[in-house]
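This report concerns only the one structure given below.
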Amino acid sequence: MDYNVNKDGFYGIYGGAYIPEILYKTVKDLEAAYLPIIESEDFKREYHNLLKDYVGRPSPLYYASRMSEKYGCKLYLKREDLNHTGAHKINNALGQILLARKMGKTRIIAETGAGQHGVATATACALMNMPCTVYMGALDVKRQHVNVERMKMLGATVHPVESGNKTLKDATNEAIRDWCCHPEDTFYIIGSTVGPHPYPDMVARLQSVISEEIKWQLQEKTGRDYPDYIMACVGGGSNAAGTIYHYLNDERVKIILGEAGGLGIDTDKTAASMQIGTTGILHGSRIKLMQTKDGQIVEPYSISAGLDYPGTGPLHCNLYQTGRAQVIAANDDEALRAAFELTRMEGIIPALESAHALALLPKVAQQFKPEDVVVLTVSGRGDKDLDTYLSHQNEVNNV
Ligand SMILES: *Cc1c(COP(=O)(O)O)cnc(C)c1O
């Protein structure tokens, strides 16, 4: 079984490029250009120099000895939290801006929810001296004020979106509208493995530096270049895609993905779109999404702003549907508890999103044998979530 994208842009029944006619040529041009550029020696050199000296890669693969003991395995944490700008998103933003430049584009747009992808894109644009417009739901602009200020300081124009529920889905709609008006000169930097083909594959490839490093780092540390289990959290799916990329077709490696349960997958306050969603088309791709019987999007909910997207990318939907990956929900309270646990046991304050992967450890530990190697990606750091952590400190520590 091949879990990579096929030549038509599909992963099983998921994926494709369902786009308005006005974007057809733009998306086809990108589809024709992305592989030759990404695989060219010129691009690789420039990209890897930036990853090394600007982002600070390789990110460490850290053996977490206290957590290993607790969960009865050999647990290694892939430290994407140590990247410049605080998460894995910069890997993708830098890759796409290099691609945009090589395609002769002169203007960058992006959507953002929590603001992490907006900050990564604004950073890449400052570095490359390109004008940058970021669409962000008006509610998120209020909730994520510090990231809005960071983007502005970096020189980006932040455009609050007042339509719909004023969150990520609405920001994405608005970015697509902008793209439709300026298809010639504008490059749309999508922040996750979502959107029309070739975006999910392009973003997965740009993030695949994560598993490329895991391979040689594991070889160095354990004498074997693959783990028994690999774990990551999933919003749209980019950090997970990068983490599992080189192991997709290697069935020796079991994949465990954490999606946001919110208040519980049996409540209407959840973002667990793979488990409770139905097949439909959103933002140019056929995926599993949270929708009514009439196909109207149901607003997702998670304590973590980076995970409350109403769908999941097509690669992951297929992994779930085929049984290649175990997909498990972590609820708000479980993620909070996991974040405090990592902080107190290893001295690492993770992003709330990453805590949704950590929160699966107690749920799957009974599968582990003591000699099993488990790699879990810490997708980002928790500075941005400090207010949330502080306001829940008492309830977490009282259980
Ligand atoms: C955006 C974000 C996520 C979720 O996005 P994916 O595309 O699923 O990786 C996870 N962790 C952090 C730290 C993020 O900023």
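Residue names in the structure tokens use chain letters A, B, ... in the order shown, residue numbers from 1 in each chain, and ligand numbers from 1 in the order shown.
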Would you write out, as a Markdown table, a table of all residues in chain A that have an atom no more than 7 Å from an atom of ligand 1, listing for each the closest atom pair and the distance in Å to one decimal, considering only C-alpha atoms and all ligand atoms and ordering rows by chain and rising residue number?
| residue | atom | partner | partner_atom_place_in_ligand_line | distance |
| --- | --- | --- | --- | --- |
| A:Ala87 | CA | ligand 1 | 13 (C) | 5.0 |
| A:His88 | CA | ligand 1 | 13 (C) | 6.8 |
| A:Lys89 | CA | ligand 1 | 15 (O) | 6.4 |
| A:Gln116 | CA | ligand 1 | 15 (O) | 5.1 |
| A:His117 | CA | ligand 1 | 1 (C) | 6.5 |
| A:Gly191 | CA | ligand 1 | 7 (O) | 6.6 |
| A:Ser192 | CA | ligand 1 | 7 (O) | 4.1 |
| A:Thr193 | CA | ligand 1 | 7 (O) | 6.1 |
| A:Cys233 | CA | ligand 1 | 10 (C) | 6.4 |
| A:Val234 | CA | ligand 1 | 8 (O) | 4.0 |
| A:Gly235 | CA | ligand 1 | 8 (O) | 3.4 |
| A:Gly236 | CA | ligand 1 | 8 (O) | 4.0 |
| A:Gly237 | CA | ligand 1 | 8 (O) | 3.4 |
| A:Ser238 | CA | ligand 1 | 7 (O) | 3.5 |
| A:Asn239 | CA | ligand 1 | 9 (O) | 3.7 |
| A:Ala240 | CA | ligand 1 | 9 (O) | 6.0 |
| A:Gly306 | CA | ligand 1 | 1 (C) | 4.5 |
| A:Leu307 | CA | ligand 1 | 4 (C) | 5.4 |
| A:Ala351 | CA | ligand 1 | 13 (C) | 5.3 |
| A:Glu353 | CA | ligand 1 | 11 (N) | 4.5 |
| A:Ser354 | CA | ligand 1 | 11 (N) | 5.4 |
| A:Ser379 | CA | ligand 1 | 13 (C) | 4.5 |
| A:Gly380 | CA | ligand 1 | 13 (C) | 3.6 |
| A:Arg381 | CA | ligand 1 | 13 (C) | 6.4 |
Could you write out, as a ChimeraX atom specification, all the residues of segment 243-347 of chain A that DSSP marks as alpha helix (DSSP H)? /A:243-244,273-276,314-322,332-346
Only N, CA and C atoms, please: the residues just picked out, written as a PDB file, in the first residue's frame.
ATOM      1  N   THR A 243       6.431  14.487  10.595  1.00  0.00           N
ATOM      2  CA  THR A 243       6.957  13.511  11.551  1.00  0.00           C
ATOM      3  C   THR A 243       6.906  12.085  10.999  1.00  0.00           C
ATOM      4  N   ILE A 244       5.868  11.772  10.244  1.00  0.00           N
ATOM      5  CA  ILE A 244       5.676  10.387   9.777  1.00  0.00           C
ATOM      6  C   ILE A 244       6.115  10.192   8.331  1.00  0.00           C
ATOM      7  N   SER A 273     -12.408  15.965  14.007  1.00  0.00           N
ATOM      8  CA  SER A 273     -13.093  15.846  12.715  1.00  0.00           C
ATOM      9  C   SER A 273     -12.859  14.507  12.020  1.00  0.00           C
ATOM     10  N   MET A 274     -11.737  13.824  12.304  1.00  0.00           N
ATOM     11  CA  MET A 274     -11.555  12.518  11.653  1.00  0.00           C
ATOM     12  C   MET A 274     -12.534  11.501  12.212  1.00  0.00           C
ATOM     13  N   GLN A 275     -12.739  11.552  13.537  1.00  0.00           N
ATOM     14  CA  GLN A 275     -13.615  10.550  14.151  1.00  0.00           C
ATOM     15  C   GLN A 275     -15.100  10.863  14.004  1.00  0.00           C
ATOM     16  N   ILE A 276     -15.483  12.137  14.078  1.00  0.00           N
ATOM     17  CA  ILE A 276     -16.914  12.414  14.020  1.00  0.00           C
ATOM     18  C   ILE A 276     -17.346  13.084  12.717  1.00  0.00           C
ATOM     19  N   PRO A 314      -6.228  15.592   3.782  1.00  0.00           N
ATOM     20  CA  PRO A 314      -6.570  14.332   3.112  1.00  0.00           C
ATOM     21  C   PRO A 314      -5.616  13.171   3.397  1.00  0.00           C
ATOM     22  N   LEU A 315      -4.337  13.463   3.581  1.00  0.00           N
ATOM     23  CA  LEU A 315      -3.372  12.406   3.905  1.00  0.00           C
ATOM     24  C   LEU A 315      -3.805  11.678   5.181  1.00  0.00           C
ATOM     25  N   HIS A 316      -4.143  12.452   6.210  1.00  0.00           N
ATOM     26  CA  HIS A 316      -4.490  11.869   7.510  1.00  0.00           C
ATOM     27  C   HIS A 316      -5.851  11.181   7.473  1.00  0.00           C
ATOM     28  N   CYS A 317      -6.800  11.771   6.727  1.00  0.00           N
ATOM     29  CA  CYS A 317      -8.114  11.128   6.606  1.00  0.00           C
ATOM     30  C   CYS A 317      -7.947   9.722   6.042  1.00  0.00           C
ATOM     31  N   ASN A 318      -7.057   9.595   5.076  1.00  0.00           N
ATOM     32  CA  ASN A 318      -6.823   8.282   4.473  1.00  0.00           C
ATOM     33  C   ASN A 318      -6.121   7.330   5.433  1.00  0.00           C
ATOM     34  N   LEU A 319      -5.165   7.835   6.204  1.00  0.00           N
ATOM     35  CA  LEU A 319      -4.479   6.987   7.195  1.00  0.00           C
ATOM     36  C   LEU A 319      -5.472   6.461   8.217  1.00  0.00           C
ATOM     37  N   TYR A 320      -6.418   7.315   8.594  1.00  0.00           N
ATOM     38  CA  TYR A 320      -7.439   6.917   9.568  1.00  0.00           C
ATOM     39  C   TYR A 320      -8.382   5.889   8.954  1.00  0.00           C
ATOM     40  N   GLN A 321      -8.867   6.196   7.740  1.00  0.00           N
ATOM     41  CA  GLN A 321      -9.858   5.349   7.077  1.00  0.00           C
ATOM     42  C   GLN A 321      -9.315   3.950   6.778  1.00  0.00           C
ATOM     43  N   THR A 322      -8.024   3.883   6.401  1.00  0.00           N
ATOM     44  CA  THR A 322      -7.419   2.593   6.053  1.00  0.00           C
ATOM     45  C   THR A 322      -6.910   1.850   7.281  1.00  0.00           C
ATOM     46  N   ASP A 332      -9.748  18.690  26.306  1.00  0.00           N
ATOM     47  CA  ASP A 332      -9.099  19.877  26.884  1.00  0.00           C
ATOM     48  C   ASP A 332      -8.392  19.571  28.205  1.00  0.00           C
ATOM     49  N   ASP A 333      -9.140  18.929  29.130  1.00  0.00           N
ATOM     50  CA  ASP A 333      -8.566  18.719  30.466  1.00  0.00           C
ATOM     51  C   ASP A 333      -7.387  17.749  30.405  1.00  0.00           C
ATOM     52  N   GLU A 334      -7.455  16.779  29.510  1.00  0.00           N
ATOM     53  CA  GLU A 334      -6.349  15.822  29.386  1.00  0.00           C
ATOM     54  C   GLU A 334      -5.100  16.495  28.817  1.00  0.00           C
ATOM     55  N   ALA A 335      -5.310  17.395  27.861  1.00  0.00           N
ATOM     56  CA  ALA A 335      -4.180  18.121  27.270  1.00  0.00           C
ATOM     57  C   ALA A 335      -3.536  19.049  28.302  1.00  0.00           C
ATOM     58  N   LEU A 336      -4.374  19.713  29.077  1.00  0.00           N
ATOM     59  CA  LEU A 336      -3.835  20.604  30.117  1.00  0.00           C
ATOM     60  C   LEU A 336      -2.982  19.812  31.108  1.00  0.00           C
ATOM     61  N   ARG A 337      -3.519  18.658  31.534  1.00  0.00           N
ATOM     62  CA  ARG A 337      -2.789  17.836  32.489  1.00  0.00           C
ATOM     63  C   ARG A 337      -1.455  17.377  31.888  1.00  0.00           C
ATOM     64  N   ALA A 338      -1.478  17.002  30.615  1.00  0.00           N
ATOM     65  CA  ALA A 338      -0.253  16.537  29.947  1.00  0.00           C
ATOM     66  C   ALA A 338       0.776  17.658  29.834  1.00  0.00           C
ATOM     67  N   ALA A 339       0.302  18.871  29.599  1.00  0.00           N
ATOM     68  CA  ALA A 339       1.228  20.011  29.488  1.00  0.00           C
ATOM     69  C   ALA A 339       1.924  20.255  30.823  1.00  0.00           C
ATOM     70  N   PHE A 340       1.158  20.195  31.919  1.00  0.00           N
ATOM     71  CA  PHE A 340       1.769  20.377  33.238  1.00  0.00           C
ATOM     72  C   PHE A 340       2.722  19.226  33.559  1.00  0.00           C
ATOM     73  N   GLU A 341       2.338  18.022  33.132  1.00  0.00           N
ATOM     74  CA  GLU A 341       3.200  16.872  33.409  1.00  0.00           C
ATOM     75  C   GLU A 341       4.567  17.007  32.724  1.00  0.00           C
ATOM     76  N   LEU A 342       4.559  17.379  31.443  1.00  0.00           N
ATOM     77  CA  LEU A 342       5.839  17.525  30.739  1.00  0.00           C
ATOM     78  C   LEU A 342       6.663  18.642  31.369  1.00  0.00           C
ATOM     79  N   THR A 343       5.992  19.707  31.757  1.00  0.00           N
ATOM     80  CA  THR A 343       6.677  20.840  32.365  1.00  0.00           C
ATOM     81  C   THR A 343       7.372  20.421  33.660  1.00  0.00           C
ATOM     82  N   ARG A 344       6.653  19.652  34.491  1.00  0.00           N
ATOM     83  CA  ARG A 344       7.210  19.292  35.798  1.00  0.00           C
ATOM     84  C   ARG A 344       8.185  18.116  35.721  1.00  0.00           C
ATOM     85  N   MET A 345       7.999  17.243  34.728  1.00  0.00           N
ATOM     86  CA  MET A 345       8.869  16.057  34.679  1.00  0.00           C
ATOM     87  C   MET A 345      10.105  16.255  33.826  1.00  0.00           C
ATOM     88  N   GLU A 346      10.017  17.118  32.798  1.00  0.00           N
ATOM     89  CA  GLU A 346      11.166  17.270  31.902  1.00  0.00           C
ATOM     90  C   GLU A 346      11.622  18.723  31.770  1.00  0.00           C
TER      91      GLU A 346
END
With only C-alpha atoms as the counted atoms, please give the residues lying no more than 8 Å from segment 12-19 of chain A, apart from itself and same-chain residues fewer than 5 positions off, as a compact mmCIF listing (two decimals) with N, CA and C atoms, in the first residue's frame.
# COMPACT_ATOMS: atom_id res chain seq x y z
N TYR A 24 -7.95 28.05 -11.65
CA TYR A 24 -7.52 26.81 -12.28
C TYR A 24 -6.09 26.91 -12.81
N GLY A 195 -6.15 22.26 1.82
CA GLY A 195 -6.27 23.01 0.58
C GLY A 195 -6.18 22.10 -0.63
N PRO A 196 -6.31 22.68 -1.83
CA PRO A 196 -6.30 21.88 -3.05
C PRO A 196 -4.92 21.27 -3.32
N HIS A 197 -4.89 20.10 -3.98
CA HIS A 197 -3.63 19.57 -4.48
C HIS A 197 -2.99 20.64 -5.35
N PRO A 198 -1.69 20.93 -5.25
CA PRO A 198 -0.66 20.14 -4.57
C PRO A 198 -0.33 20.57 -3.15
N ILE A 281 -16.36 18.58 0.97
CA ILE A 281 -15.30 19.39 0.36
C ILE A 281 -15.19 20.72 1.08
N HIS A 283 -12.37 24.11 1.38
CA HIS A 283 -11.15 24.79 0.95
C HIS A 283 -10.41 23.98 -0.11
N GLY A 284 -11.16 23.48 -1.06
CA GLY A 284 -10.56 22.88 -2.25
C GLY A 284 -10.20 21.42 -2.16
N SER A 285 -10.54 20.75 -1.05
CA SER A 285 -10.08 19.38 -0.86
C SER A 285 -11.21 18.51 -0.30
N ARG A 286 -11.26 17.25 -0.77
CA ARG A 286 -12.23 16.33 -0.19
C ARG A 286 -11.61 15.69 1.05
N ILE A 287 -12.25 15.94 2.19
CA ILE A 287 -11.70 15.51 3.47
C ILE A 287 -12.85 15.10 4.39
N GLY A 313 -6.53 17.31 7.02
CA GLY A 313 -6.01 17.12 5.67
C GLY A 313 -6.25 15.72 5.12
N PRO A 314 -6.23 15.59 3.78
CA PRO A 314 -6.57 14.33 3.11
C PRO A 314 -5.62 13.17 3.40
N LEU A 315 -4.34 13.46 3.58
CA LEU A 315 -3.37 12.41 3.90
C LEU A 315 -3.81 11.68 5.18
N CYS A 317 -6.80 11.77 6.73
CA CYS A 317 -8.11 11.13 6.61
C CYS A 317 -7.95 9.72 6.04
N ASN A 318 -7.06 9.59 5.08
CA ASN A 318 -6.82 8.28 4.47
C ASN A 318 -6.12 7.33 5.43
Check which residues of segment 38-118 of chain A sit at most 7 Å from segment 158-176 of chain A using only C-alpha atoms, and return one row each with the closest pair of atoms and their distance in Å to one decimal, ordered by chain and rising number, as CSV.
residue,atom,partner,partner_atom,distance
A:Ile109,CA,A:Ala175,CA,6.8
A:Ala110,CA,A:Ala175,CA,6.4
A:Glu111,CA,A:Thr172,CA,5.4
A:Thr112,CA,A:Leu168,CA,6.2
A:Gly113,CA,A:Leu168,CA,4.6
For Gly382 of chain A, find every residue with an atom within 7 Å (counting only C-alpha atoms), except residues of its own chain fewer than 5 positions away, and show them as a list in words.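 Result of the neighbour search: Ile349, Pro350, Ala351 and Leu352 of chain A.
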Enumerate, in order of chain and increasing residue number, the residues of segment 61-86 of chain A with an atom no farther than 9 Å from segment 204-218 of chain A, each with its shortest atom pair and distance in Å to one decimal, counting only C-alpha atoms, as JSON lines.
{"residue": "A:Leu61", "atom": "CA", "partner": "A:Gln217", "partner_atom": "CA", "distance": 6.6}
{"residue": "A:Tyr76", "atom": "CA", "partner": "A:Leu218", "partner_atom": "CA", "distance": 9.0}
{"residue": "A:Lys78", "atom": "CA", "partner": "A:Ile214", "partner_atom": "CA", "distance": 7.6}
{"residue": "A:Glu80", "atom": "CA", "partner": "A:Ile210", "partner_atom": "CA", "distance": 8.3}
Output C-alpha atoms for every residue in that selection, as a PDB file, in the first residue's frame.
ATOM      1  CA  LEU A  61      15.782  14.419  19.450  1.00  0.00           C
ATOM      2  CA  TYR A  76      12.189  10.456  22.494  1.00  0.00           C
ATOM      3  CA  LYS A  78      11.392  15.706  18.640  1.00  0.00           C
ATOM      4  CA  GLU A  80      10.207  21.480  17.076  1.00  0.00           C
TER       5      GLU A  80
END
Quick one: residues within 8 Å of segment 105-107 of chain A, only C-alpha atoms, excluding same-chain residues fewer than 2 positions away - as an MDAnalysis selection string? chainID A and resid 100:103 109 130:132 184:187
Based on the selection just made, write N, CA and C atoms of those residues as an mmCIF file, in the first residue's frame.
data_model
loop_
_atom_site.group_PDB
_atom_site.id
_atom_site.type_symbol
_atom_site.label_atom_id
_atom_site.label_comp_id
_atom_site.auth_asym_id
_atom_site.auth_seq_id
_atom_site.Cartn_x
_atom_site.Cartn_y
_atom_site.Cartn_z
ATOM 1 N N ALA A 100 7.756 30.620 -4.088
ATOM 2 C CA ALA A 100 7.058 31.795 -4.628
ATOM 3 C C ALA A 100 8.029 32.670 -5.411
ATOM 4 N N ARG A 101 9.199 32.877 -4.833
ATOM 5 C CA ARG A 101 10.202 33.722 -5.493
ATOM 6 C C ARG A 101 10.654 33.104 -6.807
ATOM 7 N N LYS A 102 10.885 31.792 -6.783
ATOM 8 C CA LYS A 102 11.344 31.126 -8.009
ATOM 9 C C LYS A 102 10.267 31.136 -9.081
ATOM 10 N N MET A 103 8.978 31.212 -8.657
ATOM 11 C CA MET A 103 7.887 31.274 -9.637
ATOM 12 C C MET A 103 7.588 32.706 -10.068
ATOM 13 N N ILE A 109 0.180 36.122 0.468
ATOM 14 C CA ILE A 109 -0.960 36.160 1.384
ATOM 15 C C ILE A 109 -0.966 34.866 2.207
ATOM 16 N N MET A 130 9.391 40.771 1.043
ATOM 17 C CA MET A 130 8.193 40.669 0.206
ATOM 18 C C MET A 130 6.973 41.171 0.981
ATOM 19 N N PRO A 131 6.047 41.872 0.281
ATOM 20 C CA PRO A 131 4.843 42.351 0.965
ATOM 21 C C PRO A 131 3.950 41.191 1.386
ATOM 22 N N CYS A 132 3.337 41.326 2.569
ATOM 23 C CA CYS A 132 2.633 40.205 3.186
ATOM 24 C C CYS A 132 1.292 40.659 3.745
ATOM 25 N N GLU A 184 -2.337 36.238 -10.638
ATOM 26 C CA GLU A 184 -1.090 36.346 -11.402
ATOM 27 C C GLU A 184 0.129 36.603 -10.524
ATOM 28 N N ASP A 185 0.022 37.612 -9.630
ATOM 29 C CA ASP A 185 1.219 38.039 -8.896
ATOM 30 C C ASP A 185 1.297 37.487 -7.472
ATOM 31 N N THR A 186 0.193 36.868 -6.999
ATOM 32 C CA THR A 186 0.120 36.514 -5.578
ATOM 33 C C THR A 186 0.371 35.033 -5.329
ATOM 34 N N PHE A 187 1.171 34.731 -4.311
ATOM 35 C CA PHE A 187 1.373 33.354 -3.866
ATOM 36 C C PHE A 187 0.677 33.197 -2.525
#
For Pro227 of chain A, please output as an NGL selection string all residues within 9 Å (counting only C-alpha atoms; exclusion window: fewer than 4 positions along the same chain). :A and (215 or 218 or 252-254 or 372-375)
Rank A:Gln96, A:Thr157, A:Gln326, A:Ser302 by their smallest atom-to-atom distance to Gly118 of chain A, using only C-alpha atoms, and report the top residue only.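 Closest to Gly118 of chain A of all the choices is A:Thr157.
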Run DSSP on the backbone of this structure and report the residues of segment 135-333 of chain A it assigns to strand (DSSP E or B), as an NGL selection string. :A and (135-137 or 157-161 or 186-188 or 229-233 or 254-262 or 278-282 or 285-289 or 291 or 297 or 311-312 or 325-331)
Atom CA of Arg177 of chain A and atom CA of Leu282 of chain A are how many Å apart?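 Calculated distance between atom CA of Arg177 of chain A and atom CA of Leu282 of chain A is 14.0 Å.
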